[in-house]
Structures are given as structure tokens and as C-alpha cells.
file model.cif (mmCIF, C-alpha atoms)
data_structure
loop_
_atom_site.label_atom_id
_atom_site.label_comp_id
_atom_site.auth_asym_id
_atom_site.auth_seq_id
_atom_site.Cartn_x
_atom_site.Cartn_y
_atom_site.Cartn_z
CA MET A 116 11.45 3.96 45.78
CA ALA A 117 12.35 3.66 42.14
CA THR A 118 13.47 6.64 40.11
CA THR A 119 10.96 8.17 37.71
CA LEU A 120 12.20 9.82 34.53
CA LEU A 121 10.18 12.62 32.98
CA ALA A 122 11.35 13.72 29.54
CA ILE A 123 10.10 17.13 28.42
CA GLY A 124 10.29 18.01 24.74
CA THR A 125 9.88 21.68 23.90
CA ARG A 126 10.11 23.96 20.91
CA LYS A 127 13.70 24.74 21.86
CA GLY A 128 15.13 21.60 23.36
CA LEU A 129 14.73 18.60 25.64
CA TRP A 130 14.89 18.57 29.42
CA LEU A 131 15.11 15.46 31.57
CA ALA A 132 13.68 15.48 35.07
CA THR A 133 14.15 12.72 37.63
CA SER A 134 12.46 12.12 40.93
CA GLU A 135 12.37 9.54 43.68
CA ASP A 136 8.90 10.52 44.89
CA ARG A 137 7.37 12.24 41.82
CA ARG A 138 6.96 15.39 43.90
CA SER A 139 10.43 16.95 43.96
CA TRP A 140 12.36 16.85 40.71
CA SER A 141 15.92 17.39 39.51
CA LEU A 142 16.04 19.03 36.09
CA SER A 143 18.86 18.49 33.62
CA ALA A 144 20.54 21.09 31.47
CA PRO A 145 18.89 21.35 28.04
CA HIS A 146 19.67 18.80 25.36
CA PHE A 147 19.43 19.80 21.68
CA LEU A 148 19.03 23.45 22.62
CA MET A 149 17.29 25.51 19.95
CA THR A 150 15.95 22.34 18.36
CA GLU A 151 12.29 21.33 18.46
CA VAL A 152 11.55 18.02 20.22
CA PRO A 153 8.02 16.96 19.24
CA SER A 154 8.31 13.24 20.06
CA ILE A 155 9.81 11.10 22.80
CA GLY A 156 9.72 7.39 23.47
CA ILE A 157 10.96 5.78 26.67
CA ASP A 158 11.50 2.06 26.22
CA THR A 159 11.95 0.17 29.50
CA ARG A 160 11.40 -3.31 28.12
CA ASP A 161 14.02 -5.96 28.82
CA GLY A 162 15.05 -4.23 32.03
CA ARG A 163 16.97 -1.46 30.30
CA THR A 164 16.07 2.13 29.50
CA ARG A 165 16.33 3.49 25.99
CA LEU A 166 15.35 7.06 25.39
CA MET A 167 14.35 7.96 21.82
CA VAL A 168 13.67 11.46 20.60
CA GLY A 169 12.46 12.88 17.35
CA VAL A 170 14.12 16.26 16.98
CA ARG A 171 13.70 18.85 14.27
CA SER A 172 15.86 21.80 13.41
CA GLU A 173 14.24 24.63 11.52
CA HIS A 174 17.38 24.69 9.38
CA PHE A 175 18.70 21.16 9.34
CA GLY A 176 15.57 19.02 9.35
CA PRO A 177 14.34 16.10 11.45
CA THR A 178 16.17 13.11 12.85
CA VAL A 179 15.77 10.41 15.50
CA LEU A 180 18.37 9.93 18.20
CA HIS A 181 18.55 7.43 21.02
CA SER A 182 20.35 7.24 24.32
CA ASP A 183 20.99 4.20 26.49
CA ASP A 184 22.54 6.20 29.33
CA LEU A 185 19.72 8.59 30.23
CA GLY A 186 20.92 11.33 27.92
CA ALA A 187 24.63 11.34 28.79
CA THR A 188 25.33 10.43 25.15
CA TRP A 189 23.14 10.30 22.06
CA ASP A 190 23.48 8.21 18.92
CA GLU A 191 21.93 8.22 15.49
CA PRO A 192 22.68 5.93 12.57
CA ALA A 193 24.76 7.68 9.93
CA GLY A 194 22.13 7.03 7.29
CA GLY A 195 19.28 8.20 9.51
CA ALA A 196 16.62 6.24 11.37
CA ILE A 197 13.63 7.36 9.29
CA ARG A 198 14.15 8.04 5.60
CA PHE A 199 11.58 7.76 2.86
CA PRO A 200 12.52 5.30 0.11
CA ALA A 201 13.65 7.02 -3.08
CA ASP A 202 10.64 5.88 -5.13
CA THR A 203 8.23 7.81 -2.89
CA GLY A 204 9.81 11.16 -3.73
CA ALA A 205 8.93 12.23 -0.19
CA ALA A 206 10.98 13.61 2.68
CA VAL A 207 10.26 13.44 6.41
CA GLU A 208 9.21 16.80 7.82
CA ARG A 209 8.64 15.96 11.47
CA ILE A 210 8.57 12.87 13.68
CA TRP A 211 5.35 13.16 15.67
CA GLN A 212 5.29 9.90 17.55
CA LEU A 213 7.72 7.28 18.87
CA ARG A 214 5.88 4.42 20.51
CA PRO A 215 7.48 1.23 21.87
CA ASP A 216 5.25 -1.80 21.30
CA SER A 217 4.36 -4.25 24.08
CA ALA A 218 6.79 -6.34 26.13
CA ASP A 219 6.07 -9.46 24.10
CA ARG A 220 7.26 -7.74 20.94
CA PRO A 221 10.71 -6.60 22.12
CA GLY A 222 12.55 -4.29 19.80
CA VAL A 223 9.41 -3.19 17.97
CA VAL A 224 8.92 0.57 17.98
CA TRP A 225 6.37 2.50 15.93
CA ALA A 226 6.74 5.98 14.55
CA GLY A 227 4.19 8.38 13.14
CA CYS A 228 5.40 11.14 10.89
CA GLU A 229 4.63 14.13 8.73
CA PRO A 230 3.87 13.73 5.87
CA ILE A 231 1.22 11.21 6.98
CA SER A 232 3.10 7.96 7.40
CA VAL A 233 3.60 5.14 9.87
CA TRP A 234 6.89 3.35 10.36
CA ARG A 235 7.98 0.21 12.17
CA SER A 236 11.36 -0.52 13.73
CA ASP A 237 12.45 -4.00 14.78
CA ASP A 238 15.74 -2.91 16.31
CA GLY A 239 14.62 -0.71 19.17
CA GLY A 240 14.16 2.47 17.17
CA GLU A 241 17.48 2.63 15.34
CA HIS A 242 16.07 1.96 11.87
CA PHE A 243 12.47 2.22 10.72
CA GLU A 244 10.71 0.82 7.70
CA LEU A 245 7.83 2.63 6.01
CA CYS A 246 4.43 0.91 6.26
CA ARG A 247 3.71 0.78 2.57
CA GLY A 248 0.10 -0.22 3.06
CA LEU A 249 -0.72 3.14 4.59
CA TRP A 250 1.62 5.13 2.35
CA ASP A 251 0.00 3.68 -0.77
CA HIS A 252 -3.53 3.94 0.64
CA PRO A 253 -6.09 5.03 -1.96
CA HIS A 254 -7.44 7.65 0.49
CA ARG A 255 -4.09 9.46 0.65
CA SER A 256 -4.93 12.16 -1.85
CA GLU A 257 -7.98 13.10 0.24
CA TRP A 258 -6.20 13.35 3.58
CA GLY A 259 -5.54 16.90 4.65
CA ALA A 260 -3.36 18.92 6.94
CA GLY A 261 -4.37 20.07 10.38
CA TYR A 262 -2.93 23.34 11.59
CA GLY A 263 0.23 21.57 12.76
CA GLY A 264 0.81 19.78 9.47
CA ALA A 265 -0.39 16.56 7.82
CA ALA A 266 0.73 13.92 10.25
CA ALA A 267 0.09 10.49 11.69
CA HIS A 268 0.35 11.67 15.27
CA SER A 269 -0.95 8.69 17.22
CA VAL A 270 0.11 5.06 16.88
CA VAL A 271 -1.56 2.66 19.30
CA PRO A 272 -0.50 -0.98 19.04
CA GLY A 273 -2.72 -3.60 20.61
CA PRO A 274 -1.84 -6.92 22.24
CA ASP A 275 -3.04 -9.04 19.30
CA GLY A 276 -1.00 -7.18 16.70
CA THR A 277 -3.79 -4.80 15.76
CA VAL A 278 -2.55 -1.23 15.34
CA HIS A 279 -4.71 1.88 15.33
CA VAL A 280 -3.39 5.19 14.07
CA ALA A 281 -4.92 8.63 14.16
CA MET A 282 -4.05 11.30 11.66
CA SER A 283 -4.93 14.91 11.16
CA THR A 284 -6.76 15.06 8.98
CA GLY A 285 -7.99 11.64 7.99
CA GLY A 286 -9.13 10.20 11.30
CA VAL A 287 -8.62 6.72 12.71
CA TYR A 288 -7.30 3.82 10.64
CA ARG A 289 -6.76 0.23 11.75
CA THR A 290 -4.60 -2.62 10.54
CA ARG A 291 -4.94 -6.26 11.54
CA ASP A 292 -2.32 -7.65 9.20
CA GLY A 293 0.83 -5.97 10.43
CA GLY A 294 0.38 -2.83 8.38
CA ALA A 295 -0.25 -4.36 4.97
CA SER A 296 -3.80 -3.00 4.78
CA TRP A 297 -5.55 -0.21 6.67
CA GLN A 298 -9.25 0.52 7.04
CA PRO A 299 -10.80 3.81 8.19
CA ARG A 300 -12.60 3.47 11.53
CA ASN A 301 -14.48 6.71 12.16
CA SER A 302 -18.13 5.72 12.31
CA GLY A 303 -19.82 8.05 14.79
CA ILE A 304 -17.02 10.63 14.92
CA SER A 305 -18.04 14.10 13.82
CA ALA A 306 -16.35 16.33 11.28
CA TYR A 307 -18.21 19.58 11.83
CA PHE A 308 -15.83 21.44 9.54
CA MET A 309 -17.12 19.44 6.54
CA PRO A 310 -20.62 19.82 5.07
CA GLY A 311 -23.11 16.97 5.13
CA PRO A 312 -23.09 13.82 7.24
CA ALA A 313 -19.86 12.67 8.85
CA PRO A 314 -17.70 10.97 6.23
CA GLU A 315 -16.06 7.55 6.33
CA PHE A 316 -12.75 9.33 6.83
CA GLY A 317 -11.41 12.88 6.92
CA GLN A 318 -12.06 13.56 10.60
CA CYS A 319 -9.52 15.49 12.64
CA VAL A 320 -9.08 13.07 15.52
CA HIS A 321 -6.57 14.66 17.90
CA LYS A 322 -5.57 11.70 20.05
CA ILE A 323 -6.57 8.10 20.70
CA ALA A 324 -5.78 5.71 23.56
CA ARG A 325 -6.50 2.07 24.34
CA ASP A 326 -8.13 0.76 27.49
CA ALA A 327 -5.88 -1.24 29.83
CA ALA A 328 -8.37 -4.01 30.57
CA ASP A 329 -10.22 -4.34 27.27
CA PRO A 330 -7.99 -3.92 24.22
CA ARG A 331 -11.05 -3.59 21.97
CA ARG A 332 -12.06 -0.47 23.88
CA LEU A 333 -10.59 2.78 22.59
CA TYR A 334 -10.98 6.44 23.48
CA ALA A 335 -10.66 9.49 21.25
CA GLN A 336 -10.35 13.22 21.75
CA ASN A 337 -11.64 14.67 18.50
CA HIS A 338 -11.59 18.15 17.00
CA HIS A 339 -14.80 18.75 18.97
CA GLY A 340 -16.07 15.52 20.43
CA VAL A 341 -14.88 12.97 22.96
CA TYR A 342 -15.65 9.36 22.09
CA ARG A 343 -15.37 5.73 23.13
CA SER A 344 -15.40 2.63 20.99
CA ASP A 345 -16.19 -0.77 22.49
CA ASP A 346 -15.66 -2.69 19.27
CA ASP A 347 -12.06 -2.04 18.26
CA GLY A 348 -12.91 1.20 16.51
CA ASP A 349 -15.78 -0.09 14.39
CA SER A 350 -18.15 2.43 15.96
CA TRP A 351 -17.80 5.36 18.33
CA THR A 352 -20.21 6.95 20.82
CA SER A 353 -19.93 10.26 22.58
CA ILE A 354 -18.65 10.39 26.14
CA ALA A 355 -18.46 14.19 26.25
CA ASP A 356 -21.41 14.63 28.64
CA GLY A 357 -20.11 15.93 31.94
CA LEU A 358 -17.11 17.71 30.47
CA PRO A 359 -16.97 21.52 30.37
CA ALA A 360 -16.00 21.39 26.68
CA ASP A 361 -15.60 18.71 24.05
CA PHE A 362 -12.52 20.30 22.45
CA GLY A 363 -8.94 19.50 23.39
CA PHE A 364 -5.97 17.49 22.28
CA VAL A 365 -5.18 15.06 25.09
CA MET A 366 -6.48 11.55 25.66
CA LEU A 367 -4.71 9.43 28.28
CA ALA A 368 -5.64 5.92 29.38
CA ASP A 369 -4.54 4.35 32.63
CA PRO A 370 -2.03 1.58 31.86
CA ARG A 371 -3.14 -0.39 34.94
CA ARG A 372 -6.87 0.05 35.35
CA GLY A 373 -9.58 -0.38 32.76
CA GLY A 374 -12.10 2.42 32.34
CA ARG A 375 -9.87 5.19 33.69
CA ILE A 376 -8.99 8.05 31.33
CA TRP A 377 -7.92 11.68 31.52
CA VAL A 378 -8.56 14.62 29.19
CA VAL A 379 -7.59 18.29 29.32
CA PRO A 380 -10.50 20.29 27.86
CA LEU A 381 -10.07 23.54 25.96
CA VAL A 382 -12.98 25.86 25.29
CA ALA A 383 -13.36 25.41 21.54
CA ASP A 384 -11.70 25.28 18.15
CA GLY A 385 -11.76 29.07 18.02
CA GLU A 386 -10.86 29.56 21.69
CA ARG A 387 -7.98 27.28 22.56
CA ILE A 388 -7.67 28.05 26.23
CA PRO A 389 -8.74 26.14 29.35
CA PRO A 390 -12.37 26.88 30.30
CA ASP A 391 -12.58 30.05 32.42
CA GLY A 392 -8.81 30.41 32.11
CA GLU A 393 -8.28 27.74 34.77
CA LEU A 394 -6.22 24.68 33.98
CA ALA A 395 -7.90 21.43 34.97
CA VAL A 396 -7.63 17.77 34.15
CA HIS A 397 -10.82 15.73 33.94
CA ARG A 398 -10.79 12.06 34.85
CA SER A 399 -13.31 9.33 34.28
CA ASP A 400 -13.19 6.05 36.20
CA ASP A 401 -16.08 4.52 34.29
CA ALA A 402 -14.97 4.74 30.66
CA GLY A 403 -16.45 8.17 30.13
CA SER A 404 -19.88 7.73 31.70
CA SER A 405 -19.00 10.37 34.29
CA TRP A 406 -16.18 12.83 34.83
CA ARG A 407 -14.44 14.49 37.76
CA ARG A 408 -12.65 17.80 37.53
CA LEU A 409 -9.16 17.62 39.08
CA ASP A 410 -7.29 20.87 39.58
CA ALA A 411 -5.52 20.73 42.96
CA GLY A 412 -2.11 22.26 42.41
CA LEU A 413 -2.89 23.49 38.90
CA PRO A 414 -2.96 27.21 38.15
CA THR A 415 -6.21 29.13 38.41
CA HIS A 416 -4.91 31.57 35.79
CA GLU A 417 -3.80 29.77 32.65
CA TYR A 418 -4.34 30.85 29.07
CA ASN A 419 -1.99 28.39 27.40
CA ALA A 420 -3.14 25.18 25.73
CA VAL A 421 -1.91 21.67 26.45
CA LEU A 422 -0.89 20.03 23.18
CA ARG A 423 -1.76 16.45 22.21
CA ASP A 424 1.48 14.88 23.38
CA ALA A 425 2.18 17.34 26.19
CA ALA A 426 0.44 15.06 28.66
CA CYS A 427 1.24 11.50 29.63
CA VAL A 428 1.00 8.88 32.33
CA ASP A 429 3.65 6.62 33.79
CA ALA A 430 3.10 3.01 34.79
CA GLY A 431 3.76 3.58 38.49
CA ASP A 432 1.48 2.46 41.29
CA PRO A 433 -0.38 4.71 41.74
CA VAL A 434 -0.15 6.00 38.20
CA GLY A 435 1.56 9.35 37.67
CA VAL A 436 -0.01 12.00 35.44
CA TYR A 437 1.99 14.75 33.73
CA VAL A 438 0.85 17.89 31.94
CA GLY A 439 2.89 20.55 30.15
CA THR A 440 1.62 23.82 28.73
CA ARG A 441 2.58 26.01 25.81
CA GLY A 442 3.63 28.46 28.49
CA GLY A 443 6.47 26.16 29.52
CA GLU A 444 5.00 24.94 32.81
CA VAL A 445 5.10 21.25 33.67
CA TYR A 446 2.98 19.65 36.40
CA ALA A 447 3.15 16.16 37.88
CA SER A 448 0.67 14.15 39.88
CA ALA A 449 1.81 11.15 41.89
CA ASP A 450 -1.76 10.20 42.77
CA GLU A 451 -3.59 9.71 39.49
CA GLY A 452 -4.47 13.36 39.10
CA GLU A 453 -5.90 14.00 42.56
CA SER A 454 -3.20 16.64 43.16
CA PHE A 455 -0.43 18.20 41.10
CA SER A 456 2.89 19.83 41.90
CA THR A 457 5.05 21.97 39.64
CA VAL A 458 7.99 20.16 38.06
CA THR A 459 9.42 23.22 36.36
CA SER A 460 8.42 26.60 34.94
CA HIS A 461 9.44 28.99 32.18
CA LEU A 462 10.58 26.41 29.66
CA PRO A 463 9.82 26.99 25.97
CA ASP A 464 6.44 25.71 24.69
CA VAL A 465 6.02 22.11 25.83
CA LEU A 466 5.36 19.87 22.84
CA CYS A 467 5.73 16.44 24.38
CA VAL A 468 6.18 14.75 27.75
CA ARG A 469 6.85 11.10 28.48
CA ALA A 470 7.46 9.49 31.85
CA ALA A 471 8.58 6.08 33.04
CA VAL A 472 9.47 4.42 36.30
CA LEU A 473 12.99 3.23 35.62
CA PRO A 474 13.72 -0.49 35.93
CA MET B 169 40.90 20.45 -8.97
CA THR B 170 40.69 21.90 -5.49
CA VAL B 171 37.99 24.07 -3.95
CA ARG B 172 37.65 25.70 -0.59
CA VAL B 173 34.56 24.75 1.46
CA LEU B 174 33.23 26.72 4.42
CA LEU B 175 30.80 24.89 6.70
CA PRO B 176 28.40 26.15 9.37
CA ARG B 177 29.69 26.12 12.91
CA LEU B 178 26.32 24.72 14.01
CA LEU B 179 27.12 21.51 12.13
CA ALA B 180 30.69 21.11 13.35
CA ASP B 181 29.65 18.07 15.39
CA THR B 182 28.88 16.29 12.12
CA THR B 183 32.16 17.18 10.39
CA GLY B 184 34.66 16.16 13.03
CA GLY B 185 34.76 19.72 14.33
CA ARG B 186 35.84 21.20 11.02
CA THR B 187 34.28 24.38 9.69
CA SER B 188 36.48 24.70 6.61
CA MET B 189 38.36 22.33 4.36
CA SER B 190 39.93 21.97 0.97
CA LEU B 191 38.28 19.43 -1.26
CA ASP B 192 39.56 17.69 -4.35
CA LEU B 193 36.87 17.25 -7.00
CA PRO B 194 36.95 15.76 -10.49
CA GLU B 195 36.25 18.29 -13.22
CA PRO B 196 33.76 19.47 -14.24
CA ALA B 197 32.20 19.81 -10.78
CA THR B 198 28.80 20.91 -9.57
CA VAL B 199 27.39 21.78 -6.16
CA ARG B 200 25.69 18.37 -6.10
CA ALA B 201 28.96 16.60 -6.86
CA LEU B 202 30.66 18.57 -4.09
CA LEU B 203 27.93 17.62 -1.60
CA ASP B 204 28.13 13.99 -2.73
CA VAL B 205 31.86 13.97 -1.96
CA LEU B 206 31.23 15.55 1.44
CA ALA B 207 28.50 12.98 2.11
CA THR B 208 30.82 10.01 1.77
CA GLU B 209 32.95 11.29 4.61
CA HIS B 210 30.26 13.07 6.61
CA PRO B 211 26.88 11.36 6.06
CA VAL B 212 25.15 13.02 9.01
CA PHE B 213 26.25 16.43 7.73
CA ASP B 214 24.67 15.54 4.41
CA ARG B 215 21.35 14.65 6.06
CA ARG B 216 21.38 18.01 7.78
CA VAL B 217 21.74 20.00 4.57
CA ARG B 218 19.85 17.78 2.08
CA ASP B 219 16.68 15.76 2.61
CA GLU B 220 16.30 12.19 1.36
CA THR B 221 15.15 13.37 -2.07
CA GLY B 222 18.52 15.06 -2.48
CA ALA B 223 17.02 18.54 -2.29
CA LEU B 224 18.76 21.27 -0.36
CA ARG B 225 16.83 21.96 2.83
CA ARG B 226 14.73 25.09 2.59
CA HIS B 227 16.68 27.06 5.18
CA VAL B 228 20.16 26.00 4.08
CA ASN B 229 21.95 28.21 1.58
CA VAL B 230 24.96 27.42 -0.57
CA TYR B 231 27.08 30.18 -2.09
CA VAL B 232 29.60 29.64 -4.88
CA ASP B 233 32.06 32.52 -4.92
CA GLY B 234 29.50 34.68 -3.20
CA GLU B 235 26.50 33.80 -5.38
CA GLU B 236 23.57 31.92 -3.84
CA VAL B 237 23.03 28.82 -5.94
CA ARG B 238 19.23 29.07 -5.98
CA ARG B 239 19.75 32.22 -8.07
CA LEU B 240 22.03 30.27 -10.39
CA SER B 241 21.32 26.66 -11.38
CA GLY B 242 20.65 25.14 -7.99
CA LEU B 243 22.50 21.93 -7.27
CA VAL B 244 23.80 21.72 -10.84
CA THR B 245 25.51 25.08 -10.51
CA PRO B 246 29.09 24.63 -11.76
CA VAL B 247 31.91 24.86 -9.22
CA PRO B 248 35.07 26.13 -10.89
CA ALA B 249 38.60 25.30 -9.80
CA GLY B 250 39.71 27.42 -6.89
CA ALA B 251 36.15 28.38 -5.96
CA GLU B 252 35.05 29.14 -2.44
CA VAL B 253 31.83 27.31 -1.57
CA MET B 254 30.03 28.36 1.59
CA VAL B 255 27.26 26.29 3.20
CA VAL B 256 25.33 28.35 5.74
CA GLN B 257 21.96 28.36 7.47
CA SER B 258 19.56 31.09 6.41
CA VAL B 259 17.79 33.48 8.72
CA ALA B 260 14.91 31.40 10.09
CA GLY B 261 13.30 30.33 13.30
CA GLY B 262 12.07 32.14 16.34
#
call {"tool": "encode", "arguments": {"input": "model.cif", "output": "C-alpha cells"}}
result
Amino acid sequence: MATTLLAIGTRKGLWLATSEDRRSWSLSAPHFLMTEVPSIGIDTRDGRTRLMVGVRSEHFGPTVLHSDDLGATWDEPAGGAIRFPADTGAAVERIWQLRPDSADRPGVVWAGCEPISVWRSDDGGEHFELCRGLWDHPHRSEWGAGYGGAAAHSVVPGPDGTVHVAMSTGGVYRTRDGGASWQPRNSGISAYFMPGPAPEFGQCVHKIARDAADPRRLYAQNHHGVYRSDDDGDSWTSIADGLPADFGFVMLADPRRGGRIWVVPLVADGERIPPDGELAVHRSDDAGSSWRRLDAGLPTHEYNAVLRDAACVDAGDPVGVYVGTRGGEVYASADEGESFSTVTSHLPDVLCVRAAVLP
Amino acid sequence: MTVRVLLPRLLADTTGGRTSMSLDLPEPATVRALLDVLATEHPVFDRRVRDETGALRRHVNVYVDGEEVRRLSGLVTPVPAGAEVMVVQSVAGG
């Protein structure tokens, strides 16, 4: 069986776990100890494995490093991978997302950052260029900051070159011209924290994901509300019926099977804990029409939240599902969420997990 | 002129392991000029202490002969010959 790599970014460092069966795991010593790791990308295109991490020191700021030897050594360009051009007068605060594009666009990696910005790399994540179209967007002055900061936290490239991003706050934006122009795509998504009808933009969409079978189908976990779009984001309809709560941060889509998604509900905006204090993942196999609660192996006493990037899937067969909590627990499922086992406990707050079956 | 520079141990991996050095600077010198000279040799160190706008990171302090430069003239604070300039992280984090 192939080796699976699970990278765990926390508030105080990165841990790398490996497994042959996705049930028993070997955990590395910490990398970047005492440094926040809010974003990880694992790029297995071209038959090699490149690990990218966005790290942030409270003192010494953010940077992007990469490793081509599973963390034995790390490199960063002397001038930095992500740096705002001088004319913007801006400085990167945090790298929220590192997302390799598809196999037919080798070398392309997307980044989402705070302040709200999207970046594209054509050299495998070593150097990124600012997407000016979004940076200069006329809506910029009206975008706000979620509790975690004003960030483009989700970048979802599609097979035809379309890219969707989600930002807090601002909502979903889409480009079909490689990032030159971006249009808000939030019709049907609520913004209960604003008076009046839902606006064209300004929503606090927490996470978006794209369906494996139909690239025009998208899913969103909103700041209250769970949605699906069947028209590339042009309109959204609720798929929250059947869930114990419509709040949460996670939205995962199966990379192999259309219509299959996972969420991790939390009670509410003002009560960010799993319902009844019991951690559970909810899966839909029919694009959100119905949901199943999956909690085998998960704790029945859990008052920590799962953050937006602290859950992921791998591309194994069957697909693996991974969940990390702010309490430093990490759980893995080798059977699409039917059952979980503990990968590790007592880490710092888990900010991000990413997993890949190594080539 | 020559000044003495003390660097944080936490950044020794970006300065070839060095935590102190003597630096030759053209007169008149400022803190910015000193950091610019350091940046040519140690660009990653520079990114750790200044962001891409050139501003000192919020939780990095620079002292010139014991005076914190934010209480003086910031990055244009003069650095006299023979000065001791200390770069150090502030108390932050949790």
C-alpha cells in the first residue's frame, strides 16, 4: 500500500504524519516550532511530492517555504515567495491558502492571503504574482474583516480555467479570464449580520468546494447557511435541511465521486462548539439533499471547534477524511468518514491539515 | 565608520549563525541605512524584521545605544560612529 502523508499545521508548528494504512501513524518532530502554520499545500503532480507551507511568526511575519524531501530540508527564495508590489503600499499579514492547480496546469499554484488578495505561481509555489484584477477591484473598500482577519481563504480552480475564491468578508468571487476580472457570485447566500435583503457581496462565506463530477457545481459553508450552486456560482440554494446546525467552517468535496461532501457543524455563530458537545462529521452522497451523521471513533465530549482548513480529504481509494480540532486532536478516516481513529492528541490548536497519497 | 550590531538569536539561521557583528557604514548613517546594508548580505533576515513596505515589523524593536528607535525618529534615527545597535523581538505571542 502506498504511503499517505498528513501534514498538520498548528498555532505553534507543523507536524508530519505518515501511514501505510491510514490507521496507524508515525508522527514527526515539530517543524517551525513556535510558529503558526495556517496553510499547507501538498503538490503530487508530475510524480513528485512538494510540500508548501505558509508560516507566520508573531514577531517576524509570514513567509512561504517548500520542501521536496518530505520536510527533511526547507527552502524559501531570498526575496520571499509572496511580496506585495511597492505601489500597493501593502504587506502580507498571513498566507491562508496554498492550492496546487490541476494536473494539466503543472507548476501553477494559487495562494489566498490577508489582506484580501489572490496570488498565482507558475513555478510550483516558489514565486507568486499578485492578481491585480482582484486587488484593484472596486468593491475592495467595502470588503470587511472576519474575526480571523480580512482574507481570501479559499481558492478553488476549475478545469476550464475558471477560479472561484471565497473571502471573509466579501463572499464568493469568480474569474473566467485568468484573474483579470472578478465578479461577485453570492445570489441566494444570506448575510444575517447585515440589515435588509442579502447584498450582491459582503457575505461571510467560510469555505467553498467544487464537485468532482460536475465542475459547475459548487458547495459553500456560510456564516450560517450551507449551500449548493449548480450553475458555477451564479445562484445558490440551501442544502442545510437535515443538518443539526447550519453554522461551521468546513466544506469538503470528494475528489473522486460527484455529489459527496462533508461538513462539520457547530451550533451557531455565538456558540462555536459541536452540537451537544459531541464531535461529528456529516456526509451527503446526494449533493446535499440528505445527510448522514458520522461519529464512529470521534469523541463524545468535545467543546473545541474545527477551523475551516482543519479538515481535508485525500485522493485515496476509498477517500480518506481528516479532522483536527482547536484542542489539538487529529482524527483520520480511511473509509470516507464511516469510522475515525486518532492520529495524535495534545498538539497546539490545529489550523490546517492536508493529506495526500504519495506517488 | 563602524558600529556594533547585536542580532536576535532566533534569527541566527538567517545570518549565517551570527548574533553580533561589526558593520562599516557611510556617514551620516540611519537605522534604515544600517538595515539596508544588512539586507544586501542577509535578505531573509531583512524580511523577518521589515515588511515589504520597509516598515519595521510591529513586534521587532531596534535600540540605538539603549534607546528604542520608535521613541526617537524611527527608521531615520541617526546612528553615530561607535554606536551599539540591538535588534530584538518584543514581548509578544502566547
call {"tool": "resolve_selection", "arguments": {"input": "model.cif", "expression": "the PyMOL selection byres ((chain A) within 7 of (chain B))", "output": "list of chain:residue names"}}
result
A:Glu173, A:His174, A:Phe175, A:Gly176, A:Ala193, A:Gly194, A:Arg198, A:Phe199, A:Ala201, A:Gly204, A:Ala205, A:Ala206
call {"tool": "resolve_selection", "arguments": {"input": "model.cif", "expression": "the PyMOL selection byres ((chain B and resi 248-253) around 7)", "output": "list of chain:residue names"}}
result
B:Met169, B:Thr170, B:Val171, B:Arg172, B:Val173, B:Leu174, B:Ala197, B:Val230, B:Tyr231, B:Val232, B:Asp233, B:Pro246, B:Val247, B:Met254, B:Val255
call {"tool": "closest_residue", "arguments": {"input": "model.cif", "among": "A:His321, A:Arg372, A:Arg126, A:His461", "to": "Asp424 (chain A)", "atoms": "only C-alpha atoms"}}
result
A:His321
call {"tool": "resolve_selection", "arguments": {"input": "model.cif", "expression": "the PyMOL selection byres ((chain A and resi 336) around 6)", "output": "PDB file with C-alpha atoms, keeping the file's coordinate frame"}}
result
ATOM      1  CA  HIS A 321      -6.570  14.660  17.900  1.00  0.00           C
ATOM      2  CA  LYS A 322      -5.570  11.700  20.050  1.00  0.00           C
ATOM      3  CA  ALA A 335     -10.660   9.490  21.250  1.00  0.00           C
ATOM      4  CA  ASN A 337     -11.640  14.670  18.500  1.00  0.00           C
ATOM      5  CA  VAL A 341     -14.880  12.970  22.960  1.00  0.00           C
ATOM      6  CA  MET A 366      -6.480  11.550  25.660  1.00  0.00           C
TER       7      MET A 366
END
call {"tool": "atom_distance", "arguments": {"input": "model.cif", "atom1": "CA of Gly443 (chain A)", "atom2": "CA of Trp406 (chain A)"}}
result
26.8 Å
call {"tool": "residues_near_point", "arguments": {"input": "model.cif", "point": "(9.8, 12.1, 9.6)", "cutoff": "6 Å", "atoms": "only C-alpha atoms", "output": "JSON, numbers by chain"}}
result
{"A": [207, 208, 209, 210, 228, 229]}
